[in-house]
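Student: Please find input32.pdb (PDB, C-alpha atoms) on the next line:
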```
MODEL        1
ATOM      1  CA  PHE A 130      37.339  21.137   6.345
ATOM      2  CA  ASP A 131      36.409  17.443   6.072
ATOM      3  CA  PRO A 132      39.294  16.465   3.747
ATOM      4  CA  VAL A 133      38.832  13.576   1.315
ATOM      5  CA  THR A 134      41.420  11.989  -0.967
ATOM      6  CA  THR A 135      40.596  10.848  -4.497
ATOM      7  CA  PRO A 136      41.388   7.143  -4.954
ATOM      8  CA  ALA A 137      42.582   7.446  -8.545
ATOM      9  CA  CYS A 138      45.258  10.137  -8.172
ATOM     10  CA  GLY A 139      45.660  10.631  -4.396
ATOM     11  CA  HIS A 140      44.932  14.366  -4.279
ATOM     12  CA  THR A 141      43.183  15.742  -1.179
ATOM     13  CA  PHE A 142      40.460  18.395  -1.160
ATOM     14  CA  CYS A 143      37.792  19.845   1.092
ATOM     15  CA  ARG A 144      34.677  17.644   0.669
ATOM     16  CA  GLU A 145      32.374  20.505  -0.304
ATOM     17  CA  CYS A 146      34.919  22.078  -2.631
ATOM     18  CA  LEU A 147      35.434  18.763  -4.418
ATOM     19  CA  ALA A 148      31.682  18.247  -4.643
ATOM     20  CA  LEU A 149      31.195  21.625  -6.324
ATOM     21  CA  ALA A 150      34.091  20.967  -8.699
ATOM     22  CA  LEU A 151      32.707  17.588  -9.725
ATOM     23  CA  ARG A 152      29.342  19.181 -10.484
ATOM     24  CA  ALA A 153      31.058  21.084 -13.288
ATOM     25  CA  LYS A 154      33.314  18.258 -14.519
ATOM     26  CA  PRO A 155      33.753  14.709 -13.155
ATOM     27  CA  ASN A 156      37.541  14.962 -13.046
ATOM     28  CA  CYS A 157      40.124  15.739 -10.394
ATOM     29  CA  PRO A 158      40.427  19.569 -10.241
ATOM     30  CA  LEU A 159      44.229  19.322 -10.041
ATOM     31  CA  CYS A 160      45.345  16.689 -12.555
ATOM     32  CA  ARG A 161      42.093  16.124 -14.551
ATOM     33  CA  THR A 162      42.096  12.377 -13.888
ATOM     34  CA  PRO A 163      38.549  10.891 -13.898
ATOM     35  CA  ALA A 164      37.512  10.992 -10.240
ATOM     36  CA  ASN A 165      34.929   8.156 -10.068
ATOM     37  CA  ILE A 166      34.263   8.944  -6.405
ATOM     38  CA  ASP A 167      31.119   9.165  -4.271
ATOM     39  CA  VAL A 168      32.077  12.336  -2.420
ATOM     40  CA  GLN A 169      29.338  12.288   0.217
ATOM     41  CA  SER A 170      29.992   8.725   1.406
ATOM     42  CA  HIS A 171      33.761   8.635   0.817
ATOM     43  CA  PRO A 172      35.665   8.315   4.119
ATOM     44  CA  VAL A 173      37.502  11.337   5.453
ATOM     45  CA  ASN A 174      41.307  11.435   5.368
ATOM     46  CA  ALA A 175      41.857  10.876   9.105
ATOM     47  CA  VAL A 176      45.532  11.897   9.109
ATOM     48  CA  MET A 177      44.915  15.174   7.283
ATOM     49  CA  SER A 178      41.856  15.923   9.417
ATOM     50  CA  HIS A 179      43.885  15.404  12.615
ATOM     51  CA  ILE A 180      46.653  17.714  11.366
ATOM     52  CA  LEU A 181      44.156  20.455  10.467
ATOM     53  CA  GLN A 182      42.278  20.269  13.765
ATOM     54  CA  THR A 183      45.554  20.291  15.716
ATOM     55  CA  HIS A 184      47.499  23.043  13.930
ATOM     56  CA  ALA A 185      44.700  25.132  12.368
ATOM     57  CA  SER A 186      41.797  24.617  14.736
ATOM     58  CA  GLU A 187      40.408  28.165  14.431
ATOM     59  CA  GLU A 188      40.391  28.081  10.612
ATOM     60  CA  TYR A 189      38.896  24.564  10.709
ATOM     61  CA  ARG A 190      35.930  25.708  12.854
ATOM     62  CA  LYS A 191      35.443  28.791  10.707
ATOM     63  CA  ARG A 192      35.345  26.736   7.517
ATOM     64  CA  SER A 193      32.882  24.323   9.144
ATOM     65  CA  SER A 194      30.476  27.214   9.863
ATOM     66  CA  GLU A 195      30.836  28.513   6.293
ATOM     67  CA  VAL A 196      30.000  25.108   4.816
ATOM     68  CA  LYS A 197      26.833  24.825   6.924
ATOM     69  CA  LEU A 198      25.682  28.290   5.776
ATOM     70  CA  GLU A 199      26.386  27.429   2.141
ATOM     71  CA  LYS A 200      24.269  24.296   2.390
ATOM     72  CA  LYS A 201      21.320  26.280   3.785
ATOM     73  CA  ARG A 202      21.521  28.930   1.054
ATOM     74  CA  ARG A 203      21.981  26.483  -1.804
ATOM     75  CA  ASN A 204      18.995  26.151  -4.154
ATOM     76  CA  PRO A 205      17.514  22.657  -4.372
ATOM     77  CA  ARG A 206      18.519  22.192  -8.009
ATOM     78  CA  HIS A 207      18.841  18.647  -9.292
ATOM     79  CA  GLY A 208      19.720  17.058 -12.588
ATOM     80  CA  ILE A 209      16.768  15.771 -14.628
ATOM     81  CA  PHE A 210      16.503  12.390 -16.303
ATOM     82  CA  PHE A 211      13.699  12.529 -18.866
ATOM     83  CA  SER A 212      11.902   9.218 -19.289
ATOM     84  CA  ASN A 213       8.960   8.005 -21.352
ATOM     85  CA  LEU A 214       7.786   5.882 -18.428
ATOM     86  CA  LEU A 215       6.042   7.149 -15.321
ATOM     87  CA  SER A 216       7.644   6.612 -11.919
ATOM     88  CA  PHE A 217       5.842   6.603  -8.585
ATOM     89  CA  PRO A 218       6.957   6.919  -4.952
ATOM     90  CA  GLY A 219       8.084   3.646  -3.467
ATOM     91  CA  GLY A 220       9.204   2.195  -6.782
ATOM     92  CA  LYS A 221      12.711   1.282  -7.856
ATOM     93  CA  VAL A 222      14.663   2.619 -10.818
ATOM     94  CA  HIS A 223      17.440   0.668 -12.559
ATOM     95  CA  LEU A 224      19.456   2.612 -15.123
ATOM     96  CA  HIS A 225      22.491   2.004 -17.310
ATOM     97  CA  LEU A 226      23.776   5.489 -18.175
ATOM     98  CA  PHE A 227      26.355   6.012 -20.898
ATOM     99  CA  GLU A 228      25.530   9.427 -22.378
ATOM    100  CA  LEU A 229      27.887  12.140 -21.169
ATOM    101  CA  ARG A 230      25.075  14.342 -19.847
ATOM    102  CA  PHE A 231      23.637  11.540 -17.716
ATOM    103  CA  ARG A 232      27.050  10.474 -16.514
ATOM    104  CA  THR A 233      27.419  14.070 -15.383
ATOM    105  CA  LEU A 234      24.005  13.800 -13.684
ATOM    106  CA  VAL A 235      25.141  10.803 -11.631
ATOM    107  CA  SER A 236      28.511  12.371 -10.805
ATOM    108  CA  ARG A 237      26.829  15.530  -9.545
ATOM    109  CA  ALA A 238      24.238  13.572  -7.554
ATOM    110  CA  LEU A 239      26.907  11.435  -5.900
ATOM    111  CA  ALA A 240      28.896  14.562  -5.120
ATOM    112  CA  THR A 241      25.989  16.239  -3.311
ATOM    113  CA  ASP A 242      22.875  14.551  -1.893
ATOM    114  CA  ARG A 243      22.628  11.447  -4.156
ATOM    115  CA  LYS A 244      19.328  12.683  -5.629
ATOM    116  CA  PHE A 245      18.053  13.527  -9.106
ATOM    117  CA  ILE A 246      14.688  14.127 -10.785
ATOM    118  CA  ILE A 247      12.949  11.686 -13.110
ATOM    119  CA  MET A 248      10.018  12.948 -15.173
ATOM    120  CA  GLN A 249       8.399  12.995 -18.591
ATOM    121  CA  ARG A 250       9.440  15.754 -20.959
ATOM    122  CA  ASP A 251       6.173  17.728 -21.044
ATOM    123  CA  ALA A 252       4.935  16.894 -17.553
ATOM    124  CA  PRO A 253       4.873  19.650 -14.903
ATOM    125  CA  ILE A 254       5.556  17.132 -12.168
ATOM    126  CA  GLY A 255       8.254  14.567 -11.471
ATOM    127  CA  CYS A 256       9.718  12.413  -8.743
ATOM    128  CA  ILE A 257      12.847  12.618  -6.602
ATOM    129  CA  VAL A 258      15.071   9.539  -6.936
ATOM    130  CA  ASN A 259      17.645   8.680  -4.289
ATOM    131  CA  ILE A 260      20.612   6.681  -5.607
ATOM    132  CA  VAL A 261      20.899   3.567  -3.445
ATOM    133  CA  THR A 262      23.755   1.802  -5.236
ATOM    134  CA  SER A 263      25.992   2.857  -8.100
ATOM    135  CA  ARG A 264      28.733   1.144 -10.034
ATOM    136  CA  SER A 265      31.007   2.831 -12.541
ATOM    137  CA  THR A 266      33.031   1.228 -15.316
ATOM    138  CA  ALA A 267      36.471   2.082 -16.641
ATOM    139  CA  ASP A 268      34.994   4.045 -19.576
ATOM    140  CA  GLY A 269      32.823   6.196 -17.293
ATOM    141  CA  ARG A 270      29.439   4.448 -17.621
ATOM    142  CA  PHE A 271      27.211   4.038 -14.572
ATOM    143  CA  TYR A 272      24.894   1.264 -13.393
ATOM    144  CA  ILE A 273      22.626   2.657 -10.706
ATOM    145  CA  GLU A 274      19.700   1.526  -8.610
ATOM    146  CA  GLY A 275      17.498   4.247  -7.180
ATOM    147  CA  LEU A 276      14.489   4.489  -4.901
ATOM    148  CA  VAL A 277      11.704   6.894  -5.870
ATOM    149  CA  GLU A 278      11.145   8.924  -2.712
ATOM    150  CA  SER A 279       8.502  11.576  -3.357
ATOM    151  CA  ARG A 280       6.707  13.748  -5.904
ATOM    152  CA  CYS A 281       7.833  17.263  -6.763
ATOM    153  CA  ARG A 282       6.896  20.167  -8.977
ATOM    154  CA  VAL A 283       9.771  21.176 -11.211
ATOM    155  CA  ASP A 284      10.425  24.676 -12.508
ATOM    156  CA  GLN A 285      13.366  26.815 -13.615
ATOM    157  CA  ILE A 286      14.460  24.065 -16.021
ATOM    158  CA  ARG A 287      17.529  25.068 -17.977
ATOM    159  CA  PHE A 288      20.814  23.743 -19.280
ATOM    160  CA  GLU A 289      23.643  23.854 -16.776
ATOM    161  CA  GLU A 290      26.991  25.346 -17.678
ATOM    162  CA  GLY A 291      29.544  22.589 -18.123
ATOM    163  CA  GLY A 292      26.815  19.959 -17.941
ATOM    164  CA  HIS A 293      27.321  18.624 -21.496
ATOM    165  CA  GLY A 294      23.621  19.076 -22.295
ATOM    166  CA  LEU A 295      22.322  18.178 -18.842
ATOM    167  CA  GLU A 296      19.139  19.985 -17.805
ATOM    168  CA  CYS A 297      18.554  20.867 -14.152
ATOM    169  CA  GLY A 298      15.566  22.249 -12.307
ATOM    170  CA  GLU A 299      14.343  23.313  -8.900
ATOM    171  CA  ALA A 300      12.272  20.707  -7.080
ATOM    172  CA  HIS A 301       9.407  21.745  -4.799
ATOM    173  CA  ALA A 302       7.768  19.107  -2.634
ATOM    174  CA  ILE A 303       4.060  18.391  -3.137
ATOM    175  CA  VAL A 304       1.956  18.204   0.025
ATOM    176  CA  ASP A 305      -1.503  16.658   0.011
ATOM    177  CA  LEU A 306      -4.505  18.704   1.065
ATOM    178  CA  LYS A 307      -5.587  18.610   4.676
ATOM    179  CA  GLU A 308      -8.901  17.063   5.622
ATOM    180  CA  ASP A 309     -10.863  20.333   5.775
ATOM    181  CA  GLU A 310      -9.421  21.419   2.425
ATOM    182  CA  GLU A 311     -10.432  18.087   0.890
ATOM    183  CA  GLU A 312     -13.978  18.590   2.194
ATOM    184  CA  ARG A 313     -14.200  22.029   0.557
ATOM    185  CA  GLU A 314     -12.866  20.654  -2.721
ATOM    186  CA  ALA A 315     -15.370  17.804  -2.635
ATOM    187  CA  ASP A 316     -18.221  20.262  -1.965
ATOM    188  CA  ASN A 317     -17.137  22.386  -4.922
ATOM    189  CA  LYS A 318     -17.143  19.355  -7.216
ATOM    190  CA  LEU A 319     -20.565  18.304  -5.996
ATOM    191  CA  SER A 320     -21.975  21.782  -6.612
ATOM    192  CA  GLU A 321     -20.873  21.548 -10.238
ATOM    193  CA  GLY A 322     -22.647  18.196 -10.791
ATOM    194  CA  SER A 323     -26.037  17.361 -12.150
ATOM    195  CA  GLU A 324     -29.369  17.994 -10.438
ATOM    196  CA  GLN A 325     -29.480  14.431  -9.198
ATOM    197  CA  GLU A 326     -26.071  14.829  -7.617
ATOM    198  CA  LYS A 327     -27.257  18.018  -5.958
ATOM    199  CA  LYS A 328     -30.284  16.206  -4.522
ATOM    200  CA  ASP A 329     -28.023  13.451  -3.212
ATOM    201  CA  ASP A 330     -25.758  16.085  -1.721
ATOM    202  CA  LYS A 331     -28.747  17.770  -0.055
ATOM    203  CA  SER A 332     -29.955  14.513   1.481
ATOM    204  CA  ALA A 333     -26.421  13.761   2.639
ATOM    205  CA  LYS A 334     -26.283  17.135   4.385
ATOM    206  CA  GLU A 335     -29.632  16.429   6.041
ATOM    207  CA  ASP A 336     -28.300  13.106   7.284
ATOM    208  CA  GLU A 337     -25.224  14.943   8.496
ATOM    209  CA  GLY A 338     -27.429  17.363  10.408
ATOM    210  CA  VAL A 339     -29.243  14.456  12.045
ATOM    211  CA  MET A 340     -25.895  12.976  13.040
ATOM    212  CA  ARG A 341     -24.688  16.258  14.494
ATOM    213  CA  SER A 342     -27.872  16.578  16.544
ATOM    214  CA  ASN A 343     -26.849  13.361  18.253
ATOM    215  CA  PRO A 344     -24.180  14.011  20.956
ATOM    216  CA  GLU A 345     -22.457  10.698  20.312
ATOM    217  CA  SER A 346     -22.133  11.226  16.560
ATOM    218  CA  LYS A 347     -21.067  14.861  17.058
ATOM    219  CA  GLY A 348     -17.936  13.826  18.899
ATOM    220  CA  TRP A 349     -17.144  11.275  16.189
ATOM    221  CA  GLU A 350     -17.615  13.924  13.481
ATOM    222  CA  GLN A 351     -15.276  16.410  15.113
ATOM    223  CA  ASN A 352     -12.549  13.948  16.033
ATOM    224  CA  ALA A 353     -12.590  11.741  12.944
ATOM    225  CA  SER A 354      -9.081  10.554  12.197
ATOM    226  CA  PRO A 355      -7.673  10.032   8.668
ATOM    227  CA  ALA A 356      -7.895   6.263   9.207
ATOM    228  CA  VAL A 357     -11.660   6.579   9.810
ATOM    229  CA  ARG A 358     -12.176   9.085   7.031
ATOM    230  CA  TYR A 359     -10.523   6.855   4.420
ATOM    231  CA  ARG A 360     -11.955   3.605   5.752
ATOM    232  CA  GLU A 361     -14.748   3.232   3.200
ATOM    233  CA  PRO A 362     -12.680   4.005   0.063
ATOM    234  CA  MET A 363      -9.939   1.747   1.420
ATOM    235  CA  GLU A 364     -12.405  -1.137   1.822
ATOM    236  CA  ILE A 365     -13.613  -0.604  -1.740
ATOM    237  CA  LEU A 366     -10.026  -0.561  -2.973
ATOM    238  CA  LYS A 367      -9.174  -3.756  -1.062
ATOM    239  CA  ARG A 368     -12.094  -5.581  -2.686
ATOM    240  CA  ALA A 369     -10.964  -4.301  -6.078
ATOM    241  CA  ILE A 370      -7.458  -5.665  -5.434
ATOM    242  CA  GLU A 371      -8.989  -9.064  -4.627
ATOM    243  CA  GLY A 372     -10.736  -8.907  -8.007
ATOM    244  CA  LEU A 373      -7.439  -8.015  -9.668
ATOM    245  CA  GLU A 374      -5.794 -11.047  -8.074
ATOM    246  CA  GLU A 375      -8.576 -13.266  -9.391
ATOM    247  CA  ALA A 376      -8.326 -11.767 -12.883
ATOM    248  CA  MET A 377      -4.530 -12.062 -13.051
ATOM    249  CA  GLY A 378      -4.345 -15.583 -11.670
ATOM    250  CA  ASP A 379      -2.306 -16.919  -8.780
ATOM    251  CA  TYR A 380       1.006 -17.217 -10.609
ATOM    252  CA  GLN A 381       0.954 -13.793 -12.264
ATOM    253  CA  PHE A 382      -0.184 -12.046  -9.093
ATOM    254  CA  LYS A 383       2.548 -13.846  -7.164
ATOM    255  CA  MET A 384       5.130 -12.529  -9.641
ATOM    256  CA  THR A 385       3.613  -9.056  -9.298
ATOM    257  CA  ARG A 386       4.002  -9.197  -5.524
ATOM    258  CA  ARG A 387       7.579 -10.377  -5.918
ATOM    259  CA  VAL A 388       8.422  -7.346  -8.074
ATOM    260  CA  HIS A 389       6.336  -4.638  -6.367
ATOM    261  CA  GLY A 390       5.903  -6.094  -2.885
ATOM    262  CA  ASP A 391       2.711  -6.865  -1.019
ATOM    263  CA  PRO A 392      -0.032  -4.210  -1.211
ATOM    264  CA  PRO A 393       0.247  -1.897   1.849
ATOM    265  CA  LEU A 394      -3.371  -2.291   2.899
ATOM    266  CA  ASN A 395      -2.996  -0.137   6.021
ATOM    267  CA  ASP A 396      -1.438   2.883   4.278
ATOM    268  CA  PRO A 397      -3.827   4.710   1.889
ATOM    269  CA  GLU A 398      -1.132   6.835   0.239
ATOM    270  CA  GLN A 399       1.316   4.012  -0.376
ATOM    271  CA  LEU A 400      -1.499   1.740  -1.562
ATOM    272  CA  CYS A 401      -2.347   4.232  -4.315
ATOM    273  CA  TRP A 402       1.270   4.273  -5.480
ATOM    274  CA  TRP A 403       1.342   0.462  -5.392
ATOM    275  CA  VAL A 404      -1.690   0.340  -7.690
ATOM    276  CA  CYS A 405      -0.091   2.825 -10.101
ATOM    277  CA  ARG A 406       3.041   0.691 -10.297
ATOM    278  CA  VAL A 407       1.166  -2.589 -10.794
ATOM    279  CA  VAL A 408      -1.294  -1.356 -13.456
ATOM    280  CA  ASP A 409       1.309  -0.167 -15.954
ATOM    281  CA  SER A 410      -1.152   1.060 -18.593
ATOM    282  CA  HIS A 411      -3.704   3.892 -18.855
ATOM    283  CA  ASP A 412      -1.131   6.634 -18.356
ATOM    284  CA  ASP A 413      -3.819   9.326 -18.277
ATOM    285  CA  LEU A 414      -5.231   7.959 -15.022
ATOM    286  CA  ARG A 415      -1.782   7.246 -13.608
ATOM    287  CA  MET A 416      -0.752  10.832 -14.345
ATOM    288  CA  ALA A 417      -3.948  12.032 -12.644
ATOM    289  CA  CYS A 418      -2.897  10.108  -9.530
ATOM    290  CA  LEU A 419       0.529  11.686  -9.695
ATOM    291  CA  THR A 420      -0.693  15.256 -10.075
ATOM    292  CA  THR A 421      -3.648  15.377  -7.683
ATOM    293  CA  ASP A 422      -3.083  16.671  -4.166
ATOM    294  CA  SER A 423      -6.194  14.998  -2.740
ATOM    295  CA  LEU A 424      -5.799  11.548  -1.225
ATOM    296  CA  LEU A 425      -9.522  10.831  -1.575
ATOM    297  CA  ALA A 426      -9.385  11.622  -5.288
ATOM    298  CA  ARG A 427      -6.289   9.441  -5.629
ATOM    299  CA  LEU A 428      -8.089   6.517  -3.981
ATOM    300  CA  ALA A 429     -10.989   6.908  -6.421
ATOM    301  CA  VAL A 430      -8.677   7.005  -9.441
ATOM    302  CA  SER A 431      -6.777   3.985  -8.116
ATOM    303  CA  ARG A 432     -10.022   2.032  -8.037
ATOM    304  CA  GLN A 433     -10.658   2.954 -11.683
ATOM    305  CA  LEU A 434      -7.169   1.768 -12.529
ATOM    306  CA  ILE A 435      -7.769  -1.601 -10.893
ATOM    307  CA  VAL A 436     -11.079  -2.047 -12.737
ATOM    308  CA  LEU A 437      -9.313  -1.379 -16.036
ATOM    309  CA  GLY A 438      -6.426  -3.599 -14.960
ATOM    310  CA  CYS A 439      -8.850  -6.483 -14.348
ATOM    311  CA  ARG A 440     -10.339  -6.004 -17.807
ATOM    312  CA  ASP A 441      -6.876  -5.931 -19.407
ATOM    313  CA  ALA A 442      -5.823  -9.066 -17.503
ATOM    314  CA  ARG A 443      -8.892 -10.985 -18.710
ATOM    315  CA  THR A 444      -8.303  -9.769 -22.282
ATOM    316  CA  ARG A 445      -4.692 -10.923 -22.158
ATOM    317  CA  TRP A 446      -5.815 -14.309 -20.836
ATOM    318  CA  TRP A 447      -8.204 -14.832 -23.752
ATOM    319  CA  VAL A 448      -5.621 -13.648 -26.291
ATOM    320  CA  GLN A 449      -3.005 -16.001 -24.863
ATOM    321  CA  THR A 450      -5.523 -18.875 -24.780
ATOM    322  CA  PHE A 451      -6.484 -18.382 -28.431
ATOM    323  CA  ALA A 452      -2.821 -17.993 -29.402
ATOM    324  CA  VAL A 453      -1.840 -21.236 -27.685
ATOM    325  CA  GLY A 454      -4.875 -22.990 -29.173
ATOM    326  CA  GLY A 455      -3.924 -21.743 -32.630
ATOM    327  CA  ILE A 456      -0.368 -22.957 -32.260
ATOM    328  CA  LEU A 457      -1.527 -26.389 -31.081
ATOM    329  CA  ALA A 458      -4.032 -26.646 -33.935
ATOM    330  CA  ALA A 459      -1.349 -25.697 -36.454
ATOM    331  CA  ALA A 460       1.048 -28.264 -34.977
ATOM    332  CA  VAL A 461      -1.609 -31.014 -35.158
ATOM    333  CA  GLY A 462      -2.453 -30.003 -38.705
ATOM    334  CA  TYR A 463       1.173 -30.200 -39.830
ATOM    335  CA  ALA A 464       1.529 -33.568 -38.110
ATOM    336  CA  VAL A 465      -1.557 -34.948 -39.876
ATOM    337  CA  VAL A 466      -0.449 -33.622 -43.259
ATOM    338  CA  GLY A 467       2.976 -35.116 -42.675
ATOM    339  CA  ASP A 468       1.466 -38.531 -41.904
ATOM    340  CA  PHE A 469      -0.623 -38.538 -45.076
ATOM    341  CA  SER A 470       2.269 -37.419 -47.234
TER     342      SER A 470
ENDMDL
END
```
Could the structure of this file be written out as structure tokens, please?

Tutor:
Amino acid sequence: FDPVTTPACGHTFCRECLALALRAKPNCPLCRTPANIDVQSHPVNAVMSHILQTHASEEYRKRSSEVKLEKKRRNPRHGIFFSNLLSFPGGKVHLHLFELRFRTLVSRALATDRKFIIMQRDAPIGCIVNIVTSRSTADGRFYIEGLVESRCRVDQIRFEEGGHGLECGEAHAIVDLKEDEEEREADNKLSEGSEQEKKDDKSAKEDEGVMRSNPESKGWEQNASPAVRYREPMEILKRAIEGLEEAMGDYQFKMTRRVHGDPPLNDPEQLCWWVCRVVDSHDDLRMACLTTDSLLARLAVSRQLIVLGCRDARTRWWVQTFAVGGILAAAVGYAVVGDFS
């Protein structure tokens, strides 16, 4: 079913069979020549496919059904690339892979769904990376560009047989809390606060009761959309981004936009990830953004990140100013000493 021919040695295999074989070893199963093939996107052998569908049509349909069932039953296990840096959805990953285990990771990803996991060693959470482009060299190294698609919780991490030290795990998608669940979580956090916070919470509930007694506000309360619910934190975050632009300066912020794109001001979730990519320090807060399943909490943490990013940008400006001033003073001093000597 779905025959493909390896470009290096010219042997033809079922696409799924070749994909499974390359997961164990990136060589042709027949002659052991390095395959260097993207199985999922490689074109089908049209001549062989026509022969099979003409002379073995029943077996061809049967094998097609078997392949579809195998794909449904297959566990979502992916190879893991452990990194010291944090990655966030929407970002890009550029890697030059030369270790045998990571070359195996890329070969297996290209042979299946073009995805792998990137995460820190001790973190319980990672991100799914989709390989956009890949280029292999004659000695088996890979240059890849990937797009970080989504977060995932990773468990069942273990070494794969024939993986040359590659670790794989099962990825489980992370879904944010719904609006009512976020309200309950916020109420629980408020109940654990100080007495002043409790008083503020009580007055807020009284105001809420006044609003619900009004027919017009009652309809608004029941039918509030996510865009309305996140409007206030989004406005706060937008003002913070304006402050970050002022602190970084026009040129540096322009370079930031060239690398990370313009801030998606109309998408709360993507805006949080944009902030995490731009403010590349304070990993504790960035990890909190990555692990939380509450969008409201993520917006609040993103604002803290921007505040710290503004402070860091101003500090860097003063350090650079003093450094340049010191260099100029030293140059003038040497010039004066040289004139007198």

Student: Between A:Leu373, A:Leu306, A:Ala185, A:Leu151, which is the closest to Asp422 (chain A) once you count only C-alpha atoms?

Tutor: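 Of A:Leu373, A:Leu306, A:Ala185, A:Leu151, the one nearest Asp422 (chain A), counting only C-alpha atoms, is A:Leu306.
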
Student: Can you pull out every residue within 9 Å of Cys256 (chain A), counting all atoms listed in the file, but drop anything in the same chain fewer than 2 positions away, and send it as a list in words?

Tutor: Ser216, Phe217, Pro218, Phe245, Ile246, Ile247, Met248, Ile254, Val258, Val277, Glu278, Ser279, Arg280, Cys281, Arg282 and Ala300 of chain A

Student: How many Å separate CA of Pro393 (chain A) from CA of Gly255 (chain A)?

Tutor: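 We find that CA of Pro393 (chain A) and CA of Gly255 (chain A) lie 22.6 Å from each other.
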
Student: May I ask for the distance between CA of His301 (chain A) and CA of Met363 (chain A), given in Å to one decimal place?

Tutor: 28.5 Å

Student: Nearest to Gly275 (chain A) among A:Arg230, A:Thr135, A:His293, A:Gly220, with distances taken over all atoms listed in the file: which residue is it?

Tutor: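 Using all atoms listed in the file, the shortest distance to Gly275 (chain A) belongs to A:Gly220.
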
Student: Just give me the gap between CA of Val407 (chain A) and CA of Thr385 (chain A) in Å, one decimal is fine.

Tutor: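 Here the two named atoms are 7.1 Å from each other.
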
Student: Do a neighbour search on Asp391 (chain A) at 12 Å with all atoms listed in the file, toss out local chain neighbours closer than 2 positions, and write the hits as a list in words.

Tutor: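 Surrounding residues, per the criterion: Ile370, Glu374, Phe382, Lys383, Met384, Thr385, Arg386, Arg387, Val388, His389, Pro393, Leu394, Asn395, Asp396, Gln399, Leu400, Trp403, Val404, Arg406 and Val407 of chain A.
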
Student: Could you check the closest approach to Leu437 (chain A) for each of A:Leu147, A:Ala164, A:Cys405, A:Ala240 and tell me which residue wins, using all atoms listed in the file?

Tutor: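 For Leu437 (chain A), the nearest of the candidates is A:Cys405.
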
Student: Using all atoms listed in the file, find all polymer residues with an atom at most 7 Å away from the point (40.9, 14.7, 5.6); report them as an MDAnalysis selection string.

Tutor: chainID A and resid 131:133 173:178

Student: Which residue gives the smallest distance to Arg237 (chain A) among A:Leu434, A:Ile209, A:Ile286, A:Ile180, with all atoms listed in the file counted?

Tutor: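 For Arg237 (chain A), the nearest of the candidates is A:Ile209.
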